[in-house]
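Structure file my_file02.pdb (PDB, C-alpha atoms) follows.
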```pdb
ATOM      1  CA  MET A   1      31.951   8.829   2.743
ATOM      2  CA  ARG A   2      33.363   5.335   2.609
ATOM      3  CA  HIS A   3      36.391   4.051   0.739
ATOM      4  CA  ASP A   4      36.240   1.074  -1.640
ATOM      5  CA  ASN A   5      38.055  -1.210   0.815
ATOM      6  CA  ASP A   6      35.561  -0.460   3.617
ATOM      7  CA  ALA A   7      32.483  -2.564   4.284
ATOM      8  CA  PRO A   8      29.354  -1.157   2.646
ATOM      9  CA  PRO A   9      27.123   0.896   4.934
ATOM     10  CA  SER A  10      24.133  -0.810   6.518
ATOM     11  CA  PRO A  11      20.952  -0.312   4.460
ATOM     12  CA  TYR A  12      18.995   0.041   7.705
ATOM     13  CA  VAL A  13      21.195   2.845   9.000
ATOM     14  CA  THR A  14      21.491   4.701   5.687
ATOM     15  CA  GLY A  15      17.774   4.331   4.975
ATOM     16  CA  THR A  16      16.679   5.480   8.416
ATOM     17  CA  LEU A  17      18.993   8.494   8.241
ATOM     18  CA  GLY A  18      18.020   9.306   4.635
ATOM     19  CA  ARG A  19      21.538   8.807   3.266
ATOM     20  CA  CYS A  20      22.875   7.350   0.034
ATOM     21  CA  PRO A  21      22.742   3.535   0.090
ATOM     22  CA  ARG A  22      26.139   3.228  -1.681
ATOM     23  CA  CYS A  23      28.371   5.698   0.188
ATOM     24  CA  GLY A  24      26.296   6.685   3.223
ATOM     25  CA  GLY A  25      27.329  10.318   2.729
ATOM     26  CA  GLY A  26      24.924  12.026   0.357
ATOM     27  CA  LYS A  27      21.277  12.805   0.901
ATOM     28  CA  LEU A  28      18.669  10.341  -0.348
ATOM     29  CA  PHE A  29      15.755  12.787  -0.197
ATOM     30  CA  ARG A  30      15.313  16.286  -1.567
ATOM     31  CA  GLY A  31      11.862  16.756  -0.042
ATOM     32  CA  PHE A  32       9.943  15.071   2.739
ATOM     33  CA  ILE A  33       9.555  11.820   0.782
ATOM     34  CA  GLU A  34      10.702  12.873  -2.697
ATOM     35  CA  LEU A  35      13.954  11.203  -3.700
ATOM     36  CA  ALA A  36      16.850  13.291  -4.919
ATOM     37  CA  PRO A  37      17.890  12.608  -8.542
ATOM     38  CA  SER A  38      21.352  11.400  -7.458
ATOM     39  CA  CYS A  39      23.818  11.381  -4.579
ATOM     40  CA  GLU A  40      25.793  14.603  -4.314
ATOM     41  CA  ALA A  41      28.705  12.733  -2.698
ATOM     42  CA  CYS A  42      29.270   9.685  -4.945
ATOM     43  CA  GLY A  43      26.994  10.403  -7.921
ATOM     44  CA  LEU A  44      24.776   7.297  -7.579
ATOM     45  CA  ASP A  45      21.726   7.767  -9.815
ATOM     46  CA  TYR A  46      18.590   7.082  -7.779
ATOM     47  CA  GLY A  47      16.627   6.236 -10.937
ATOM     48  CA  PHE A  48      16.619   2.567  -9.880
ATOM     49  CA  ALA A  49      14.578   3.365  -6.776
ATOM     50  CA  ASP A  50      10.902   2.511  -6.879
ATOM     51  CA  SER A  51       9.544   1.749  -3.436
ATOM     52  CA  GLY A  52       5.967   1.907  -4.730
ATOM     53  CA  ASP A  53       3.315   1.547  -2.043
ATOM     54  CA  GLY A  54       5.559  -0.483   0.263
ATOM     55  CA  PRO A  55       6.292   2.302   2.759
ATOM     56  CA  ALA A  56       2.619   3.312   2.964
ATOM     57  CA  VAL A  57       1.537  -0.280   3.570
ATOM     58  CA  LEU A  58       4.141  -0.800   6.302
ATOM     59  CA  VAL A  59       3.230   2.507   7.938
ATOM     60  CA  THR A  60      -0.467   1.623   7.859
ATOM     61  CA  LEU A  61       0.127  -1.763   9.463
ATOM     62  CA  LEU A  62       2.594  -0.590  12.104
ATOM     63  CA  ALA A  63       0.828   2.660  12.983
ATOM     64  CA  GLY A  64      -2.511   0.863  13.150
ATOM     65  CA  PHE A  65      -1.048  -1.670  15.555
ATOM     66  CA  ILE A  66       0.485   1.041  17.751
ATOM     67  CA  VAL A  67      -2.421   3.495  17.789
ATOM     68  CA  VAL A  68      -5.276   0.989  17.997
ATOM     69  CA  GLY A  69      -3.432  -0.927  20.692
ATOM     70  CA  ALA A  70      -2.890   2.240  22.695
ATOM     71  CA  ALA A  71      -6.531   3.293  22.223
ATOM     72  CA  LEU A  72      -7.744  -0.091  23.445
ATOM     73  CA  VAL A  73      -5.527   0.058  26.529
ATOM     74  CA  VAL A  74      -6.725   3.588  27.332
ATOM     75  CA  GLU A  75     -10.371   2.586  26.804
ATOM     76  CA  VAL A  76     -10.159  -0.473  29.043
ATOM     77  CA  LYS A  77      -8.178   1.256  31.801
ATOM     78  CA  TYR A  78      -9.757   4.722  31.917
ATOM     79  CA  GLU A  79     -12.980   4.668  29.842
ATOM     80  CA  PRO A  80     -12.574   8.272  28.615
ATOM     81  CA  PRO A  81     -15.295  10.005  26.572
ATOM     82  CA  MET A  82     -15.163   9.725  22.782
ATOM     83  CA  TRP A  83     -14.087  13.364  22.327
ATOM     84  CA  LEU A  84     -10.995  12.676  24.433
ATOM     85  CA  HIS A  85     -10.160   9.610  22.333
ATOM     86  CA  LEU A  86     -10.392  11.790  19.222
ATOM     87  CA  ALA A  87      -8.335  14.573  20.800
ATOM     88  CA  ILE A  88      -5.571  12.141  21.732
ATOM     89  CA  PHE A  89      -5.514   9.523  18.991
ATOM     90  CA  LEU A  90      -6.150  11.547  15.825
ATOM     91  CA  PRO A  91      -3.010  13.675  16.341
ATOM     92  CA  LEU A  92      -1.109  10.594  17.526
ATOM     93  CA  THR A  93      -2.068   8.779  14.325
ATOM     94  CA  LEU A  94      -0.799  11.677  12.217
ATOM     95  CA  ILE A  95       2.454  11.945  14.172
ATOM     96  CA  VAL A  96       3.166   8.202  14.068
ATOM     97  CA  CYS A  97       2.355   7.879  10.356
ATOM     98  CA  LEU A  98       4.394  10.883   9.242
ATOM     99  CA  GLY A  99       7.221   9.978  11.607
ATOM    100  CA  MET A 100       7.581   6.494  10.156
ATOM    101  CA  LEU A 101       6.989   7.192   6.453
ATOM    102  CA  ARG A 102      10.342   8.744   5.482
ATOM    103  CA  PRO A 103      12.590   6.296   7.411
ATOM    104  CA  LEU A 104      10.681   3.274   6.072
ATOM    105  CA  LYS A 105      10.860   4.577   2.512
ATOM    106  CA  GLY A 106      14.602   5.143   2.949
ATOM    107  CA  VAL A 107      15.125   1.625   4.284
ATOM    108  CA  LEU A 108      13.151   0.070   1.414
ATOM    109  CA  VAL A 109      15.119   2.048  -1.188
ATOM    110  CA  SER A 110      18.417   1.124   0.495
ATOM    111  CA  LEU A 111      17.444  -2.551   0.611
ATOM    112  CA  GLN A 112      16.417  -2.362  -3.037
ATOM    113  CA  TYR A 113      19.898  -1.030  -3.901
ATOM    114  CA  ARG A 114      21.717  -3.546  -1.684
ATOM    115  CA  ASN A 115      19.817  -6.533  -3.097
ATOM    116  CA  LYS A 116      19.926  -5.246  -6.687
ATOM    117  CA  ALA A 117      16.145  -5.593  -6.835
ATOM    118  CA  GLY A 118      14.472  -4.659 -10.097
ATOM    119  CA  LEU A 119      11.196  -5.041 -11.858
ATOM    120  CA  GLY A 120      10.029  -8.583 -12.404
ATOM    121  CA  GLN A 121      10.045  -9.710 -16.017
ATOM    122  CA  LEU A 122       8.658 -12.739 -17.762
ATOM    123  CA  GLU A 123      11.033 -14.895 -19.767
ATOM    124  CA  LYS A 124      10.470 -14.888 -23.511
TER     125      LYS A 124
END
```
Would you encode the structure as structure tokens?
Amino acid sequence: MRHDNDAPPSPYVTGTLGRCPRCGGGKLFRGFIELAPSCEACGLDYGFADSGDGPAVLVTLLAGFIVVGAALVVEVKYEPPMWLHLAIFLPLTLIVCLGMLRPLKGVLVSLQYRNKAGLGQLEK
């Protein structure tokens, strides 16, 4: 836990580790991707956090780049049968997507806190 005179924790580190964006000590998640209601260390209410579809979009783009790129390299170099492609790249897709989802959601929530991002509103 940080003290008030310390520099704030990095949103990239706290998000990747699933820690509170304010103190870096408490847990951000209570499930795999479900946010906790608040930080048990500093009491920050996570009600502000709404990452929406951002993590899923980033995971789709990054995982697609990684897996499709790897599949193309394997196809050009080794020309394996289709069943082998499926046996290798379906589990790899699942592993890459699930492995990146929680850290990316944590980073987006931490950046949302750091930048005081909120819902857009029209002026009246």
Original post:
Which residue out of A:Gly54, A:Gly118, A:Gly24, A:Pro91 has the minimum interatomic distance to Pro11 (chain A) when all atoms listed in the file are used?
Top reply: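 With all atoms listed in the file as the atom set, the closest residue is A:Gly24.
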Subject >> Hits from the PyMOL selection byres ((chain A and resi 101) around 9), listed as a VMD selection string >> reply: chain A and resid 33 55 to 56 58 to 59 96 to 100 102 to 106
Subject >> Thr93 (chain A) environment, 12 Å, only C-alpha atoms, sequence neighbours closer than 4 positions dropped, as an MDAnalysis selection string >> reply: chainID A and resid 59:71 85:89 97:100
Original post:
Between CA of Pro21 (chain A) and CA of Cys39 (chain A), what is the spacing in Å?
Top reply: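 Computing the Euclidean distance for CA of Cys39 (chain A) and CA of Pro21 (chain A) yields 9.2 Å.
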**OP:** Evaluate the PyMOL selection byres ((chain A and resi 41-44) around 7) on the structure here and hand back the selected residues as JSON, numbers by chain.
**Re:** {"A": [23, 25, 26, 38, 39, 40, 45, 46]}
**OP:** Provide the CA of Ala7 (chain A) to CA of Arg22 (chain A) distance in Å, to one decimal place.
**Re:** 10.5 Å
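Closest to Ala49 (chain A) among A:Phe32, A:Tyr12, A:Tyr113, A:Tyr78 is A:Tyr113, based on all atoms listed in the file.
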